[in-house]
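First up is the structure itself, then whatever we jot down about it.
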Amino acid sequence: MTGYGRAEMTLPEHKLLVEMRAVNHRFAEVIVRMPREWMGMEERVRKLVGSVVARGRVEVFISVPTLSHVDSSAIEVDRELLSRALKLIREVSVGSEVDFEPPSIGALLAIPGLFRQKEQEIDASAIEEALFETVGTALLQLQHAREVEGKHVTEHVSTRLRELLRTVLHMQKRAPELVDGLRDKLTFRLQQLLLSDVAPERIALEVAIAAEKTSVEEETERLKSHVEQFLKLMHSEERAVGRRLDFLLQEMNREVNTIGSKCSDLEMTDAVLLSKHGIEQMREQVQNIE
């Protein structure tokens, strides 16, 4: 399931920002991006997210944006750079026989890197509790977004399942008619080949053999069973059923292919193609389900 979650918390000296983005993936994968000095907490964050997300790729972004106020005590002067700049100005003045004059404040400000803001080290242990509280809030938002999408996916797949079931029932109804048509066709061909009346027993035997080869009763019954299992899983309280649903769709597709190989009837061929199209649509959606 795709989804997005965001949470932030403002502390006396810091601001925590946590964003999560989930996209579809066959397996569970959690990627955490956070400040290097907090790497010790990365595995704990990954496990926390993994306890909620069983399938999909989740990217977690943890940052500490600069607060709006600026602490003047955090500004420092690069004294070594200032010393080199003043020394260079003196050398230039001596070489050009011009009296040395101290540079103005404006000139000093124009020197790149002369004034810089101190990098404040953030004690990870001091904000660990706040960090995981913020991660938990973002995770709740992410899960809510995934649940909303899950409802839409369930409705879409349920519609396709009902259509597939109607097609399967139509196949079951159509199958006996195929045997009757096969009987008439075989009778006509045998009479043409033998140029005489054919014994009913011979026709019955040929029809029985052909009917056995073209029977789709087992396949349609298995299809119905797969659909029932699929519906039970979709509405169960179990977690991580996506792979099992995917497997059931593979089995449904296998049964439909077998039906297609056995029946050359145009109406049955249309039903097979319709079924395969519906199954393929469901497989695309099931990739989103945990």
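In the structure tokens, chains take letters A, B, ... by order of appearance, with residues numbered from 1 within each chain and ligands from 1 in the order shown.
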
### Message
List as a list in words the protein and nucleic acid residues near stretch 279-281 of chain A, meaning an atom at most 8 Å away when only C-alpha atoms are counted, but skip any in the same chain fewer than 4 places from it.
### Response
Arg160, Leu164, Leu249, Met252, Asn253, Ser275 and Gln285 of chain A

### Task
Excluding A:Ser63 and any residue of its chain fewer than 4 positions from it, enumerate the residues within 10 Å of it, using only C-alpha atoms, and give them as a list of chain:residue names.
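Once the nearby chain positions are removed, what remains is A:Glu8, A:Lys15, A:Leu16, A:Leu17, A:Val18, A:Glu19, A:Arg33, A:Met34, A:Pro35.
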
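One finds atom CA of A:Thr2 at 5.9 Å from atom CA of A:Arg146.
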
### Query
Between A:Met171, A:Ala28, A:Glu155, A:Glu163, which one has atoms that come closest to A:Leu266, using only C-alpha atoms?
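Closest to A:Leu266, using only C-alpha atoms: A:Met171.
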
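If you look at atom CA of A:Gly242 and atom CA of A:Gln287, they are 6.9 Å away from each other.
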
### Query
Hey, can you check how far atom CA of A:Phe115 sits from atom CA of A:Arg36?
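Computed distance, atom CA of A:Phe115 to atom CA of A:Arg36, equals 25.4 Å.
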
### Query
For A:His277, which residue among A:Val256, A:His14, A:Phe132, A:Glu219 is the nearest when counting only C-alpha atoms?
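For A:His277, the nearest of the candidates is A:Val256.
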